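> Mind having a look at this structure? Questions to follow.
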Amino acid sequence: MKNKSLILSTFAVVMLVSAGCSKSDTSDGYTTGDTNSVSANAKELATNAWQKTKEVTTNVVASVKEGTTNAWASLKESLQSVGDYTYDKKEAFVADATADVNAMDQKISDVSEKVANASASAKAGAQASLQDLNTKRAALGQKLDDVKNSTEANWNDVKTGFKSSYNDAKDSLKQTWQSLTGN
């Protein structure tokens with residue numbers, strides 16, 4: 001929005017300068033100067049404004065790409081070492097898993113918002129992907145409950161089941177996001 005205002009302001013200045021300098025009547029004692037010089041200055045101002053807008057847009061796109069990459073990296077790294085959690089570290093695993101699921105929920109919320117704001121053509125396919133993602137997230141919630149209620153006898157199976165469900169939901173989330181953003 002700031003860039004749009006900058007462009008509009010620049011063009012307004014250009015128009016005012018051009019309109020003021022195109023008069024060649026000097027009967028009132030005012031000299032208007034060289035209109036070619038003013039046109040060149042106006043053109044330079046417009047070019048500079050366009051370059052600045054282009055630069056800011058490029059920076060924003062790069063920032064969004066970096067943020068997306070970092071977000072997926074943090075999800076990827078989070079529960080990589082599930083095998084390191086023995087039953088005596090169950091509470092730590094539950095805390096880490098809960099934090100990861102909460103982070104995933106935030107990303108799902110971001111995707112849902114993006115789907116809601118998508119064009120009609122993009123929305124149709126994205127809604128099916130989002131429904132699939134929500135189904136996988138519900139299954140992940142059940143697996144998290146299983147982890148919380150696990151015993152030492154079923155710990156490894158429950159933990160492995162959670163990780164599998166987590167990876168499935170994470171992959172679905174990433175695919176849905178990529179289909180919406182092209183990243």
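Order determines the names: the first chain of the structure tokens is A, the second B, and so forth; residues in each chain are numbered 1 upward, and ligands are numbered 1 upward as they are shown.
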Name all residues at most 8 Å from stretch 101-115 of chain A (count only C-alpha atoms; drop same-chain ones fewer than 5 positions away) and give them as an mmCIF file with all heavy atoms, in the first residue's frame.

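Full text of out-v2.cif as output:
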data_model
loop_
_atom_site.group_PDB
_atom_site.id
_atom_site.type_symbol
_atom_site.label_atom_id
_atom_site.label_comp_id
_atom_site.auth_asym_id
_atom_site.auth_seq_id
_atom_site.Cartn_x
_atom_site.Cartn_y
_atom_site.Cartn_z
ATOM 1 N N LEU A 75 9.644 -27.124 11.302
ATOM 2 C CA LEU A 75 8.769 -28.286 11.444
ATOM 3 C C LEU A 75 9.544 -29.568 11.189
ATOM 4 O O LEU A 75 9.361 -30.569 11.859
ATOM 5 C CB LEU A 75 7.607 -28.211 10.449
ATOM 6 C CG LEU A 75 6.375 -27.453 10.883
ATOM 7 C CD1 LEU A 75 5.343 -27.434 9.767
ATOM 8 C CD2 LEU A 75 5.770 -28.023 12.141
ATOM 9 N N ALA A 122 -8.517 -21.348 -7.905
ATOM 10 C CA ALA A 122 -7.553 -21.949 -6.976
ATOM 11 C C ALA A 122 -8.244 -22.511 -5.743
ATOM 12 O O ALA A 122 -7.795 -23.491 -5.154
ATOM 13 C CB ALA A 122 -6.516 -20.914 -6.562
ATOM 14 N N LYS A 123 -9.367 -21.895 -5.374
ATOM 15 C CA LYS A 123 -10.062 -22.286 -4.152
ATOM 16 C C LYS A 123 -10.625 -23.708 -4.231
ATOM 17 O O LYS A 123 -10.559 -24.445 -3.250
ATOM 18 C CB LYS A 123 -11.188 -21.302 -3.866
ATOM 19 C CG LYS A 123 -11.805 -21.442 -2.505
ATOM 20 C CD LYS A 123 -12.890 -20.431 -2.278
ATOM 21 C CE LYS A 123 -12.305 -19.154 -1.770
ATOM 22 N NZ LYS A 123 -13.297 -18.199 -1.290
ATOM 23 N N ALA A 126 -7.878 -26.234 -3.677
ATOM 24 C CA ALA A 126 -7.282 -26.006 -2.369
ATOM 25 C C ALA A 126 -8.211 -26.463 -1.248
ATOM 26 O O ALA A 126 -7.742 -26.959 -0.222
ATOM 27 C CB ALA A 126 -6.920 -24.533 -2.203
ATOM 28 N N GLN A 127 -9.512 -26.321 -1.429
ATOM 29 C CA GLN A 127 -10.441 -26.744 -0.389
ATOM 30 C C GLN A 127 -10.410 -28.257 -0.190
ATOM 31 O O GLN A 127 -10.494 -28.737 0.936
ATOM 32 C CB GLN A 127 -11.861 -26.268 -0.708
ATOM 33 C CG GLN A 127 -12.038 -24.785 -0.454
ATOM 34 C CD GLN A 127 -13.416 -24.280 -0.824
ATOM 35 O OE1 GLN A 127 -14.053 -24.782 -1.733
ATOM 36 N NE2 GLN A 127 -13.862 -23.260 -0.105
ATOM 37 N N LEU A 130 -7.271 -28.918 1.701
ATOM 38 C CA LEU A 130 -7.445 -28.470 3.085
ATOM 39 C C LEU A 130 -8.296 -29.465 3.868
ATOM 40 O O LEU A 130 -7.997 -29.755 5.034
ATOM 41 C CB LEU A 130 -8.067 -27.076 3.118
ATOM 42 C CG LEU A 130 -8.173 -26.416 4.480
ATOM 43 C CD1 LEU A 130 -6.798 -26.274 5.130
ATOM 44 C CD2 LEU A 130 -8.829 -25.041 4.344
ATOM 45 N N LYS A 170 2.254 -33.201 8.199
ATOM 46 C CA LYS A 170 3.220 -32.161 7.824
ATOM 47 C C LYS A 170 3.408 -32.127 6.305
ATOM 48 O O LYS A 170 3.405 -31.049 5.692
ATOM 49 C CB LYS A 170 4.557 -32.417 8.512
ATOM 50 C CG LYS A 170 5.633 -31.390 8.177
ATOM 51 C CD LYS A 170 6.939 -31.738 8.842
ATOM 52 C CE LYS A 170 7.487 -32.958 8.147
ATOM 53 N NZ LYS A 170 8.830 -33.292 8.450
ATOM 54 N N LEU A 173 0.338 -30.633 4.725
ATOM 55 C CA LEU A 173 0.350 -29.186 4.957
ATOM 56 C C LEU A 173 1.298 -28.492 3.988
ATOM 57 O O LEU A 173 0.956 -27.490 3.364
ATOM 58 C CB LEU A 173 0.753 -28.900 6.404
ATOM 59 C CG LEU A 173 0.951 -27.435 6.803
ATOM 60 C CD1 LEU A 173 -0.320 -26.635 6.596
ATOM 61 C CD2 LEU A 173 1.409 -27.354 8.261
ATOM 62 N N THR A 176 -0.136 -28.534 0.424
ATOM 63 C CA THR A 176 -1.239 -27.588 0.294
ATOM 64 C C THR A 176 -0.701 -26.171 0.209
ATOM 65 O O THR A 176 -1.123 -25.372 -0.626
ATOM 66 C CB THR A 176 -2.219 -27.720 1.482
ATOM 67 O OG1 THR A 176 -2.683 -29.066 1.551
ATOM 68 C CG2 THR A 176 -3.393 -26.785 1.334
ATOM 69 N N TRP A 177 0.258 -25.849 1.062
ATOM 70 C CA TRP A 177 0.867 -24.514 1.052
ATOM 71 C C TRP A 177 1.542 -24.244 -0.289
ATOM 72 O O TRP A 177 1.377 -23.184 -0.876
ATOM 73 C CB TRP A 177 1.872 -24.378 2.194
ATOM 74 C CG TRP A 177 2.505 -23.025 2.238
ATOM 75 C CD1 TRP A 177 3.722 -22.676 1.740
ATOM 76 C CD2 TRP A 177 1.950 -21.834 2.783
ATOM 77 N NE1 TRP A 177 3.966 -21.344 1.951
ATOM 78 C CE2 TRP A 177 2.880 -20.809 2.594
ATOM 79 C CE3 TRP A 177 0.747 -21.544 3.427
ATOM 80 C CZ2 TRP A 177 2.659 -19.505 3.012
ATOM 81 C CZ3 TRP A 177 0.526 -20.233 3.844
ATOM 82 C CH2 TRP A 177 1.473 -19.243 3.630
ATOM 83 N N LEU A 180 -0.773 -23.445 -3.097
ATOM 84 C CA LEU A 180 -1.360 -22.111 -3.017
ATOM 85 C C LEU A 180 -0.370 -20.998 -3.326
ATOM 86 O O LEU A 180 -0.734 -19.984 -3.893
ATOM 87 C CB LEU A 180 -1.920 -21.869 -1.600
ATOM 88 C CG LEU A 180 -3.186 -22.622 -1.272
ATOM 89 C CD1 LEU A 180 -3.486 -22.525 0.204
ATOM 90 C CD2 LEU A 180 -4.345 -22.073 -2.084
#
> Tell me, in Å to one decimal, how far atom CA of A:Asp100 is from atom CA of A:Asp132.
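Taking atom CA of A:Asp100 as the start and atom CA of A:Asp132 as the end point, the length is 19.2 Å.
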> One decimal, Å: what's the distance from atom CA of A:Ala128 over to atom CA of A:Gln142, could you say?
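Going from atom CA of A:Ala128 over to atom CA of A:Gln142 covers 21.6 Å.
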> Kindly give the distance, in Å, that separates atom CA of A:Asn167 and atom CA of A:Val147, rounded to a single decimal.
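Taking atom CA of A:Asn167 and atom CA of A:Val147, their separation equals 15.4 Å.
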